[in-house]
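Trainee: Got a file for you: run-v6.cif, mmCIF, N, CA and C atoms.
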```cif
data_my_file
#
loop_
_atom_site.label_atom_id
_atom_site.label_comp_id
_atom_site.auth_asym_id
_atom_site.auth_seq_id
_atom_site.Cartn_x
_atom_site.Cartn_y
_atom_site.Cartn_z
N MET P 1282 0.82 -1.19 0.00
CA MET P 1282 0.00 0.00 0.00
C MET P 1282 0.87 1.26 0.00
N GLN P 1283 1.89 1.32 0.88
CA GLN P 1283 2.74 2.50 0.96
C GLN P 1283 3.49 2.71 -0.36
N GLU P 1284 3.98 1.66 -0.96
CA GLU P 1284 4.68 1.76 -2.24
C GLU P 1284 3.73 2.30 -3.32
N ASN P 1285 2.48 1.86 -3.30
CA ASN P 1285 1.46 2.36 -4.23
C ASN P 1285 1.27 3.86 -4.08
N ILE P 1286 1.19 4.31 -2.84
CA ILE P 1286 0.99 5.74 -2.57
C ILE P 1286 2.19 6.54 -3.08
N ILE P 1287 3.39 6.05 -2.83
CA ILE P 1287 4.60 6.74 -3.27
C ILE P 1287 4.62 6.83 -4.79
N ASN P 1288 4.31 5.75 -5.47
CA ASN P 1288 4.29 5.76 -6.94
C ASN P 1288 3.22 6.71 -7.47
N THR P 1289 2.07 6.75 -6.82
CA THR P 1289 0.99 7.64 -7.25
C THR P 1289 1.40 9.10 -7.10
N ILE P 1290 2.02 9.44 -5.98
CA ILE P 1290 2.48 10.81 -5.76
C ILE P 1290 3.56 11.18 -6.77
N ARG P 1291 4.50 10.29 -6.98
CA ARG P 1291 5.59 10.54 -7.93
C ARG P 1291 5.03 10.78 -9.34
N GLN P 1292 4.09 9.97 -9.77
CA GLN P 1292 3.52 10.12 -11.11
C GLN P 1292 2.73 11.42 -11.23
N SER P 1293 1.98 11.75 -10.19
CA SER P 1293 1.20 13.00 -10.21
C SER P 1293 2.12 14.20 -10.34
N LEU P 1294 3.22 14.19 -9.60
CA LEU P 1294 4.17 15.30 -9.68
C LEU P 1294 4.83 15.36 -11.05
N LEU P 1295 5.26 14.24 -11.57
CA LEU P 1295 5.89 14.22 -12.89
C LEU P 1295 4.94 14.69 -13.97
N ASP P 1296 3.67 14.32 -13.89
CA ASP P 1296 2.68 14.74 -14.87
C ASP P 1296 2.48 16.25 -14.88
N SER P 1297 2.75 16.90 -13.76
CA SER P 1297 2.48 18.33 -13.63
C SER P 1297 3.72 19.21 -13.76
N LEU P 1298 4.89 18.63 -13.93
CA LEU P 1298 6.13 19.42 -13.93
C LEU P 1298 6.17 20.52 -14.97
N SER P 1299 5.54 20.34 -16.11
CA SER P 1299 5.64 21.33 -17.16
C SER P 1299 4.93 22.63 -16.83
N THR P 1300 4.01 22.61 -15.87
CA THR P 1300 3.25 23.82 -15.54
C THR P 1300 3.64 24.42 -14.20
N LEU P 1301 4.67 23.90 -13.57
CA LEU P 1301 5.01 24.34 -12.22
C LEU P 1301 5.92 25.57 -12.24
N THR P 1302 5.60 26.51 -11.36
CA THR P 1302 6.41 27.69 -11.14
C THR P 1302 6.85 27.68 -9.69
N PRO P 1303 7.81 28.51 -9.32
CA PRO P 1303 8.27 28.51 -7.92
C PRO P 1303 7.13 28.73 -6.92
N GLY P 1304 7.27 28.11 -5.77
CA GLY P 1304 6.26 28.20 -4.72
C GLY P 1304 5.90 26.82 -4.22
N HIS P 1305 4.80 26.72 -3.51
CA HIS P 1305 4.40 25.42 -2.96
C HIS P 1305 3.48 24.68 -3.94
N TYR P 1306 3.41 23.39 -3.73
CA TYR P 1306 2.59 22.49 -4.55
C TYR P 1306 2.22 21.33 -3.65
N ILE P 1307 0.95 20.95 -3.62
CA ILE P 1307 0.54 19.84 -2.75
C ILE P 1307 -0.14 18.76 -3.58
N THR P 1308 0.22 17.53 -3.30
CA THR P 1308 -0.46 16.36 -3.86
C THR P 1308 -1.12 15.63 -2.70
N ILE P 1309 -2.40 15.32 -2.86
CA ILE P 1309 -3.16 14.64 -1.81
C ILE P 1309 -3.62 13.30 -2.35
N VAL P 1310 -3.41 12.25 -1.54
CA VAL P 1310 -3.81 10.90 -1.91
C VAL P 1310 -4.85 10.42 -0.91
N ASP P 1311 -6.00 9.95 -1.43
CA ASP P 1311 -7.03 9.43 -0.52
C ASP P 1311 -6.79 7.95 -0.25
N GLU P 1312 -7.64 7.36 0.58
CA GLU P 1312 -7.45 5.97 0.98
C GLU P 1312 -7.59 4.98 -0.17
N GLU P 1313 -8.23 5.41 -1.27
CA GLU P 1313 -8.40 4.53 -2.42
C GLU P 1313 -7.33 4.76 -3.48
N GLY P 1314 -6.36 5.64 -3.19
CA GLY P 1314 -5.26 5.87 -4.12
C GLY P 1314 -5.50 6.96 -5.14
N ARG P 1315 -6.64 7.63 -5.08
CA ARG P 1315 -6.92 8.74 -6.02
C ARG P 1315 -6.14 9.97 -5.56
N THR P 1316 -5.69 10.76 -6.52
CA THR P 1316 -4.91 11.96 -6.18
C THR P 1316 -5.60 13.22 -6.66
N ARG P 1317 -5.26 14.30 -5.96
CA ARG P 1317 -5.62 15.63 -6.44
C ARG P 1317 -4.43 16.52 -6.11
N THR P 1318 -4.22 17.53 -6.91
CA THR P 1318 -3.10 18.44 -6.70
C THR P 1318 -3.59 19.87 -6.65
N SER P 1319 -2.80 20.73 -6.03
CA SER P 1319 -3.25 22.10 -5.85
C SER P 1319 -2.07 23.04 -5.63
N ARG P 1320 -2.28 24.28 -5.99
CA ARG P 1320 -1.36 25.37 -5.67
C ARG P 1320 -2.08 26.39 -4.79
N ALA P 1321 -3.26 26.03 -4.28
CA ALA P 1321 -4.06 26.93 -3.46
C ALA P 1321 -3.35 27.26 -2.15
N SER P 1322 -3.82 28.29 -1.47
CA SER P 1322 -3.20 28.68 -0.21
C SER P 1322 -3.79 27.93 0.98
N GLU P 1323 -4.88 27.17 0.74
CA GLU P 1323 -5.49 26.35 1.80
C GLU P 1323 -5.97 25.04 1.21
N GLU P 1324 -5.80 23.97 1.98
CA GLU P 1324 -6.33 22.66 1.61
C GLU P 1324 -6.86 21.99 2.87
N ILE P 1325 -7.88 21.18 2.71
CA ILE P 1325 -8.44 20.42 3.83
C ILE P 1325 -8.27 18.94 3.52
N LEU P 1326 -7.56 18.22 4.40
CA LEU P 1326 -7.41 16.78 4.27
C LEU P 1326 -8.56 16.12 5.02
N ARG P 1327 -9.09 15.07 4.42
CA ARG P 1327 -10.10 14.26 5.10
C ARG P 1327 -9.37 13.19 5.92
N PRO P 1328 -10.00 12.68 6.96
CA PRO P 1328 -9.36 11.62 7.76
C PRO P 1328 -8.87 10.48 6.86
N GLY P 1329 -7.63 10.06 7.08
CA GLY P 1329 -7.04 8.98 6.31
C GLY P 1329 -6.27 9.43 5.09
N GLU P 1330 -6.43 10.68 4.68
CA GLU P 1330 -5.71 11.16 3.51
C GLU P 1330 -4.27 11.53 3.87
N ILE P 1331 -3.43 11.52 2.85
CA ILE P 1331 -2.02 11.89 2.98
C ILE P 1331 -1.75 13.02 2.02
N GLY P 1332 -1.08 14.06 2.50
CA GLY P 1332 -0.68 15.17 1.64
C GLY P 1332 0.83 15.26 1.61
N VAL P 1333 1.37 15.64 0.45
CA VAL P 1333 2.80 15.89 0.32
C VAL P 1333 2.96 17.30 -0.22
N VAL P 1334 3.60 18.17 0.56
CA VAL P 1334 3.81 19.55 0.17
C VAL P 1334 5.25 19.69 -0.33
N PHE P 1335 5.39 20.21 -1.55
CA PHE P 1335 6.69 20.42 -2.18
C PHE P 1335 6.98 21.91 -2.26
N CYS P 1336 8.25 22.28 -2.12
CA CYS P 1336 8.68 23.65 -2.35
C CYS P 1336 9.43 23.65 -3.67
N LEU P 1337 8.86 24.28 -4.66
CA LEU P 1337 9.36 24.22 -6.03
C LEU P 1337 10.27 25.40 -6.35
N PRO P 1338 11.11 25.30 -7.35
CA PRO P 1338 11.27 24.16 -8.23
C PRO P 1338 12.13 23.08 -7.60
N ILE P 1339 11.90 21.83 -8.02
CA ILE P 1339 12.70 20.73 -7.49
C ILE P 1339 13.72 20.24 -8.49
N ILE P 1340 13.57 20.66 -9.74
CA ILE P 1340 14.54 20.25 -10.76
C ILE P 1340 15.81 21.07 -10.57
N GLY P 1341 16.93 20.40 -10.43
CA GLY P 1341 18.20 21.07 -10.25
C GLY P 1341 18.50 21.44 -8.81
N ALA P 1342 17.54 21.24 -7.92
CA ALA P 1342 17.76 21.55 -6.51
C ALA P 1342 17.94 20.25 -5.74
N PRO P 1343 18.72 20.29 -4.67
CA PRO P 1343 18.81 19.08 -3.85
C PRO P 1343 17.45 18.81 -3.22
N THR P 1344 17.01 17.57 -3.24
CA THR P 1344 15.72 17.21 -2.67
C THR P 1344 15.94 16.69 -1.26
N ARG P 1345 15.15 17.22 -0.33
CA ARG P 1345 15.31 16.82 1.07
C ARG P 1345 13.94 16.69 1.70
N ARG P 1346 13.74 15.55 2.38
CA ARG P 1346 12.48 15.31 3.08
C ARG P 1346 12.58 15.86 4.50
N LEU P 1347 11.63 16.69 4.84
CA LEU P 1347 11.54 17.24 6.19
C LEU P 1347 10.72 16.29 7.05
N PRO P 1348 10.74 16.46 8.37
CA PRO P 1348 9.95 15.57 9.24
C PRO P 1348 8.46 15.60 8.91
N ASP P 1349 7.82 14.44 9.02
CA ASP P 1349 6.39 14.31 8.75
C ASP P 1349 5.59 15.10 9.79
N VAL P 1350 4.39 15.50 9.39
CA VAL P 1350 3.46 16.18 10.29
C VAL P 1350 2.20 15.34 10.38
N ASN P 1351 1.90 14.86 11.57
CA ASN P 1351 0.70 14.04 11.79
C ASN P 1351 -0.33 14.90 12.52
N LEU P 1352 -1.40 15.24 11.81
CA LEU P 1352 -2.43 16.10 12.38
C LEU P 1352 -3.60 15.31 12.93
N GLY P 1353 -4.16 15.81 14.01
CA GLY P 1353 -5.39 15.27 14.55
C GLY P 1353 -6.55 16.15 14.09
N ARG P 1354 -7.75 15.73 14.40
CA ARG P 1354 -8.94 16.50 14.02
C ARG P 1354 -8.82 17.94 14.54
N ASN P 1355 -9.21 18.87 13.69
CA ASN P 1355 -9.21 20.30 14.01
C ASN P 1355 -7.82 20.86 14.32
N GLN P 1356 -6.82 20.36 13.63
CA GLN P 1356 -5.47 20.91 13.70
C GLN P 1356 -5.05 21.30 12.29
N TYR P 1357 -4.04 22.17 12.20
CA TYR P 1357 -3.51 22.49 10.88
C TYR P 1357 -2.04 22.86 10.95
N VAL P 1358 -1.40 22.77 9.78
CA VAL P 1358 0.01 23.12 9.64
C VAL P 1358 0.09 24.27 8.63
N ARG P 1359 1.00 25.20 8.89
CA ARG P 1359 1.25 26.31 7.97
C ARG P 1359 2.66 26.15 7.43
N ALA P 1360 2.79 26.13 6.11
CA ALA P 1360 4.10 25.96 5.47
C ALA P 1360 4.44 27.19 4.64
N PHE P 1361 5.68 27.63 4.78
CA PHE P 1361 6.19 28.76 4.01
C PHE P 1361 7.20 28.24 3.00
N CYS P 1362 7.05 28.70 1.76
CA CYS P 1362 7.97 28.33 0.68
C CYS P 1362 8.20 29.58 -0.15
N GLY P 1363 9.37 30.16 -0.04
CA GLY P 1363 9.62 31.42 -0.75
C GLY P 1363 8.61 32.47 -0.32
N LEU P 1364 7.89 33.02 -1.27
CA LEU P 1364 6.90 34.05 -0.98
C LEU P 1364 5.49 33.48 -0.83
N THR P 1365 5.34 32.16 -0.85
CA THR P 1365 4.01 31.56 -0.75
C THR P 1365 3.82 30.86 0.59
N THR P 1366 2.56 30.76 0.96
CA THR P 1366 2.17 30.10 2.21
C THR P 1366 0.99 29.18 1.92
N ILE P 1367 0.98 28.02 2.56
CA ILE P 1367 -0.15 27.12 2.47
C ILE P 1367 -0.53 26.65 3.87
N ASP P 1368 -1.82 26.68 4.15
CA ASP P 1368 -2.36 26.11 5.38
C ASP P 1368 -3.06 24.81 5.01
N VAL P 1369 -2.69 23.72 5.68
CA VAL P 1369 -3.31 22.42 5.42
C VAL P 1369 -4.02 22.00 6.70
N PHE P 1370 -5.33 21.85 6.60
CA PHE P 1370 -6.18 21.54 7.74
C PHE P 1370 -6.54 20.05 7.75
N CYS P 1371 -6.81 19.52 8.93
CA CYS P 1371 -7.30 18.16 9.08
C CYS P 1371 -8.77 18.23 9.43
N SER P 1372 -9.62 17.70 8.60
CA SER P 1372 -11.06 17.58 8.78
C SER P 1372 -11.84 18.84 8.45
N GLN P 1373 -11.43 19.98 8.99
CA GLN P 1373 -12.16 21.22 8.69
C GLN P 1373 -11.27 22.43 8.92
N ARG P 1374 -11.65 23.53 8.28
CA ARG P 1374 -10.92 24.79 8.44
C ARG P 1374 -11.19 25.34 9.83
N ILE P 1375 -10.14 25.77 10.52
CA ILE P 1375 -10.29 26.35 11.85
C ILE P 1375 -9.50 27.66 11.91
N SER P 1376 -9.78 28.46 12.93
CA SER P 1376 -9.01 29.68 13.13
C SER P 1376 -8.04 29.44 14.29
N GLY P 1377 -7.22 30.43 14.55
CA GLY P 1377 -6.25 30.30 15.62
C GLY P 1377 -4.88 29.97 15.08
N PRO P 1378 -3.91 29.83 15.98
CA PRO P 1378 -2.55 29.54 15.54
C PRO P 1378 -2.42 28.10 15.02
N PRO P 1379 -1.50 27.89 14.08
CA PRO P 1379 -1.29 26.54 13.56
C PRO P 1379 -0.69 25.62 14.62
N THR P 1380 -0.96 24.32 14.47
CA THR P 1380 -0.36 23.31 15.34
C THR P 1380 1.14 23.25 15.11
N ARG P 1381 1.52 23.45 13.87
CA ARG P 1381 2.94 23.39 13.49
C ARG P 1381 3.19 24.35 12.35
N THR P 1382 4.38 24.93 12.31
CA THR P 1382 4.81 25.80 11.22
C THR P 1382 6.07 25.20 10.61
N VAL P 1383 6.11 25.16 9.28
CA VAL P 1383 7.25 24.60 8.57
C VAL P 1383 7.78 25.63 7.59
N SER P 1384 9.06 25.94 7.67
CA SER P 1384 9.71 26.82 6.69
C SER P 1384 10.50 25.94 5.73
N MET P 1385 10.20 26.10 4.46
CA MET P 1385 10.80 25.23 3.45
C MET P 1385 11.69 26.03 2.50
N ARG P 1386 12.70 25.33 1.98
CA ARG P 1386 13.54 25.89 0.94
C ARG P 1386 13.31 25.09 -0.34
N THR P 1387 13.75 25.64 -1.44
CA THR P 1387 13.61 24.98 -2.73
C THR P 1387 14.10 23.55 -2.65
N GLY P 1388 13.30 22.62 -3.16
CA GLY P 1388 13.66 21.20 -3.20
C GLY P 1388 13.23 20.42 -1.98
N GLU P 1389 12.71 21.09 -0.96
CA GLU P 1389 12.28 20.37 0.24
C GLU P 1389 10.81 19.98 0.14
N PHE P 1390 10.46 18.94 0.87
CA PHE P 1390 9.07 18.48 0.91
C PHE P 1390 8.82 17.81 2.25
N PHE P 1391 7.52 17.70 2.61
CA PHE P 1391 7.16 16.97 3.81
C PHE P 1391 5.80 16.32 3.62
N VAL P 1392 5.55 15.30 4.42
CA VAL P 1392 4.32 14.51 4.34
C VAL P 1392 3.41 14.93 5.50
N ILE P 1393 2.13 15.08 5.20
CA ILE P 1393 1.12 15.40 6.21
C ILE P 1393 0.09 14.29 6.23
N THR P 1394 -0.27 13.82 7.42
CA THR P 1394 -1.35 12.85 7.55
C THR P 1394 -2.46 13.48 8.38
N CYS P 1395 -3.67 12.99 8.16
CA CYS P 1395 -4.84 13.47 8.89
C CYS P 1395 -5.50 12.29 9.58
N GLU P 1396 -5.40 12.26 10.89
CA GLU P 1396 -6.01 11.22 11.71
C GLU P 1396 -5.61 9.81 11.27
N ARG P 1397 -4.33 9.58 11.15
CA ARG P 1397 -3.81 8.25 10.76
C ARG P 1397 -3.08 7.63 11.91
#
```
Now that the file is in, can you turn its structure into structure tokens?

Mentor:
Amino acid sequence: MQENIINTIRQSLLDSLSTLTPGHYITIVDEEGRTRTSRASEEILRPGEIGVVFCLPIIGAPTRRLPDVNLGRNQYVRAFCGLTTIDVFCSQRISGPPTRTVSMRTGEFFVITCER
């Protein structure tokens, strides 16, 4: 299952490389292996989903995995990548300070889980 998820994320990213500009990019995989991608400033993960946030561009940059972020219900992480910011929520959008803040450099990425 984990290998399937990794391959799905890798293929989704490769399929989108031609349209990517600097900033953040998120790929979300649901429990059935379906993916969706986004450059939005906010995303909501459903319980059981996995998100991977990339700081682009990754071509020509050293790639480095940052520590995973495991969110519980009504928590969120805020990630900074260059001049862009993304808030990723677990279950629903909430206000208040983020559970975790991640500062990313070009080529870095991290995995987010929601209630896993």

Trainee: Taking the DSSP secondary structure from the backbone, can you list the residues of stretch 1310-1366 of chain P that are strand (DSSP E), as a list in words?

Mentor: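 The strand (DSSP E) residues within stretch 1310-1366 of chain P come out as Val1310, Thr1316, Arg1317, Thr1318, Ser1319, Glu1323, Glu1324, Ile1325, Leu1326, Ile1331, Gly1332, Val1333, Val1334, Phe1335, Cys1336, Leu1337, Arg1345, Arg1346, Val1350, Asn1351, Leu1352, Tyr1357, Val1358, Arg1359, Ala1360, Phe1361, Cys1362, Thr1365 and Thr1366 of chain P.
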
Trainee: Evaluate the PyMOL selection byres ((chain P and resi 1371) around 8) here and jot the selected residues down as a list of chain:residue names.

Mentor: P:Glu1324, P:Ile1325, P:Leu1326, P:Arg1327, P:Pro1328, P:Leu1352, P:Gly1353, P:Arg1354, P:Asn1355, P:Gln1356, P:Tyr1357, P:Val1358, P:Asp1368, P:Val1369, P:Phe1370, P:Ser1372, P:Gln1373, P:Arg1374, P:Ile1375, P:Thr1394, P:Cys1395, P:Glu1396

Trainee: Can you pull out the residues contacting P:Gly1363? Cut-off 9 Å, using only C-alpha atoms, and skip same-chain residues under 3 positions away; I want them as a PyMOL selection string.

Mentor: chain P and resi 1303-1305+1336-1337+1366+1384-1387

Trainee: Using Å and a single decimal, report how far atom CA of P:Thr1344 sits from atom N of P:Thr1316.

Mentor: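 Atom-to-atom, atom N of P:Thr1316 to atom CA of P:Thr1344, that is 22.7 Å.
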
Trainee: Point out the residue among P:Ala1321, P:Val1310, P:Ile1393, P:Ile1367 with the least atom-to-atom distance to P:Leu1347, counting only C-alpha atoms.

Mentor: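 Looking only at the distances to P:Leu1347, the closest residue turns out to be P:Ile1393.
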
Trainee: If I take atom C of P:Arg1345 and atom C of P:Ile1331, how far is one from the other in Å, to one decimal?

Mentor: 16.1 Å

Trainee: Running the PyMOL selection byres ((chain P and resi 1312) around 7) on this model by hand, what would come out? Give it as a PyMOL selection string.

Mentor: chain P and resi 1310-1311+1313-1315+1329-1331

Trainee: Could N, CA, C and O atoms be built for stretch 1301-1327 of chain P and written out as a tab-separated table (two decimals), keeping the file's coordinate frame?

Mentor:
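Contents of the output file result05.tsv:
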```
chain	number	residue	atom	x	y	z
P	1301	LEU	N	4.67	23.90	-13.57
P	1301	LEU	CA	5.01	24.34	-12.22
P	1301	LEU	C	5.92	25.57	-12.24
P	1301	LEU	O	6.87	25.65	-12.99
P	1302	THR	N	5.60	26.51	-11.36
P	1302	THR	CA	6.41	27.69	-11.14
P	1302	THR	C	6.85	27.68	-9.69
P	1302	THR	O	6.31	26.93	-8.88
P	1303	PRO	N	7.81	28.51	-9.32
P	1303	PRO	CA	8.27	28.51	-7.92
P	1303	PRO	C	7.13	28.73	-6.92
P	1303	PRO	O	6.18	29.44	-7.19
P	1304	GLY	N	7.27	28.11	-5.77
P	1304	GLY	CA	6.26	28.20	-4.72
P	1304	GLY	C	5.90	26.82	-4.22
P	1304	GLY	O	6.59	25.85	-4.50
P	1305	HIS	N	4.80	26.72	-3.51
P	1305	HIS	CA	4.40	25.42	-2.96
P	1305	HIS	C	3.48	24.68	-3.94
P	1305	HIS	O	2.88	25.28	-4.82
P	1306	TYR	N	3.41	23.39	-3.73
P	1306	TYR	CA	2.59	22.49	-4.55
P	1306	TYR	C	2.22	21.33	-3.65
P	1306	TYR	O	3.08	20.80	-2.95
P	1307	ILE	N	0.95	20.95	-3.62
P	1307	ILE	CA	0.54	19.84	-2.75
P	1307	ILE	C	-0.14	18.76	-3.58
P	1307	ILE	O	-0.93	19.07	-4.48
P	1308	THR	N	0.22	17.53	-3.30
P	1308	THR	CA	-0.46	16.36	-3.86
P	1308	THR	C	-1.12	15.63	-2.70
P	1308	THR	O	-0.48	15.38	-1.68
P	1309	ILE	N	-2.40	15.32	-2.86
P	1309	ILE	CA	-3.16	14.64	-1.81
P	1309	ILE	C	-3.62	13.30	-2.35
P	1309	ILE	O	-4.13	13.20	-3.46
P	1310	VAL	N	-3.41	12.25	-1.54
P	1310	VAL	CA	-3.81	10.90	-1.91
P	1310	VAL	C	-4.85	10.42	-0.91
P	1310	VAL	O	-4.61	10.46	0.30
P	1311	ASP	N	-6.00	9.95	-1.43
P	1311	ASP	CA	-7.03	9.43	-0.52
P	1311	ASP	C	-6.79	7.95	-0.25
P	1311	ASP	O	-5.85	7.35	-0.78
P	1312	GLU	N	-7.64	7.36	0.58
P	1312	GLU	CA	-7.45	5.97	0.98
P	1312	GLU	C	-7.59	4.98	-0.17
P	1312	GLU	O	-7.12	3.86	-0.09
P	1313	GLU	N	-8.23	5.41	-1.27
P	1313	GLU	CA	-8.40	4.53	-2.42
P	1313	GLU	C	-7.33	4.76	-3.48
P	1313	GLU	O	-7.38	4.16	-4.56
P	1314	GLY	N	-6.36	5.64	-3.19
P	1314	GLY	CA	-5.26	5.87	-4.12
P	1314	GLY	C	-5.50	6.96	-5.14
P	1314	GLY	O	-4.66	7.20	-5.99
P	1315	ARG	N	-6.64	7.63	-5.08
P	1315	ARG	CA	-6.92	8.74	-6.02
P	1315	ARG	C	-6.14	9.97	-5.56
P	1315	ARG	O	-5.99	10.20	-4.36
P	1316	THR	N	-5.69	10.76	-6.52
P	1316	THR	CA	-4.91	11.96	-6.18
P	1316	THR	C	-5.60	13.22	-6.66
P	1316	THR	O	-6.38	13.20	-7.61
P	1317	ARG	N	-5.26	14.30	-5.96
P	1317	ARG	CA	-5.62	15.63	-6.44
P	1317	ARG	C	-4.43	16.52	-6.11
P	1317	ARG	O	-3.69	16.27	-5.16
P	1318	THR	N	-4.22	17.53	-6.91
P	1318	THR	CA	-3.10	18.44	-6.70
P	1318	THR	C	-3.59	19.87	-6.65
P	1318	THR	O	-4.67	20.18	-7.16
P	1319	SER	N	-2.80	20.73	-6.03
P	1319	SER	CA	-3.25	22.10	-5.85
P	1319	SER	C	-2.07	23.04	-5.63
P	1319	SER	O	-1.04	22.63	-5.10
P	1320	ARG	N	-2.28	24.28	-5.99
P	1320	ARG	CA	-1.36	25.37	-5.67
P	1320	ARG	C	-2.08	26.39	-4.79
P	1320	ARG	O	-1.59	27.49	-4.56
P	1321	ALA	N	-3.26	26.03	-4.28
P	1321	ALA	CA	-4.06	26.93	-3.46
P	1321	ALA	C	-3.35	27.26	-2.15
P	1321	ALA	O	-2.43	26.56	-1.73
P	1322	SER	N	-3.82	28.29	-1.47
P	1322	SER	CA	-3.20	28.68	-0.21
P	1322	SER	C	-3.79	27.93	0.98
P	1322	SER	O	-3.29	28.04	2.09
P	1323	GLU	N	-4.88	27.17	0.74
P	1323	GLU	CA	-5.49	26.35	1.80
P	1323	GLU	C	-5.97	25.04	1.21
P	1323	GLU	O	-6.50	25.01	0.11
P	1324	GLU	N	-5.80	23.97	1.98
P	1324	GLU	CA	-6.33	22.66	1.61
P	1324	GLU	C	-6.86	21.99	2.87
P	1324	GLU	O	-6.30	22.19	3.95
P	1325	ILE	N	-7.88	21.18	2.71
P	1325	ILE	CA	-8.44	20.42	3.83
P	1325	ILE	C	-8.27	18.94	3.52
P	1325	ILE	O	-8.75	18.46	2.49
P	1326	LEU	N	-7.56	18.22	4.40
P	1326	LEU	CA	-7.41	16.78	4.27
P	1326	LEU	C	-8.56	16.12	5.02
P	1326	LEU	O	-8.93	16.54	6.11
P	1327	ARG	N	-9.09	15.07	4.42
P	1327	ARG	CA	-10.10	14.26	5.10
P	1327	ARG	C	-9.37	13.19	5.92
P	1327	ARG	O	-8.24	12.83	5.61
```
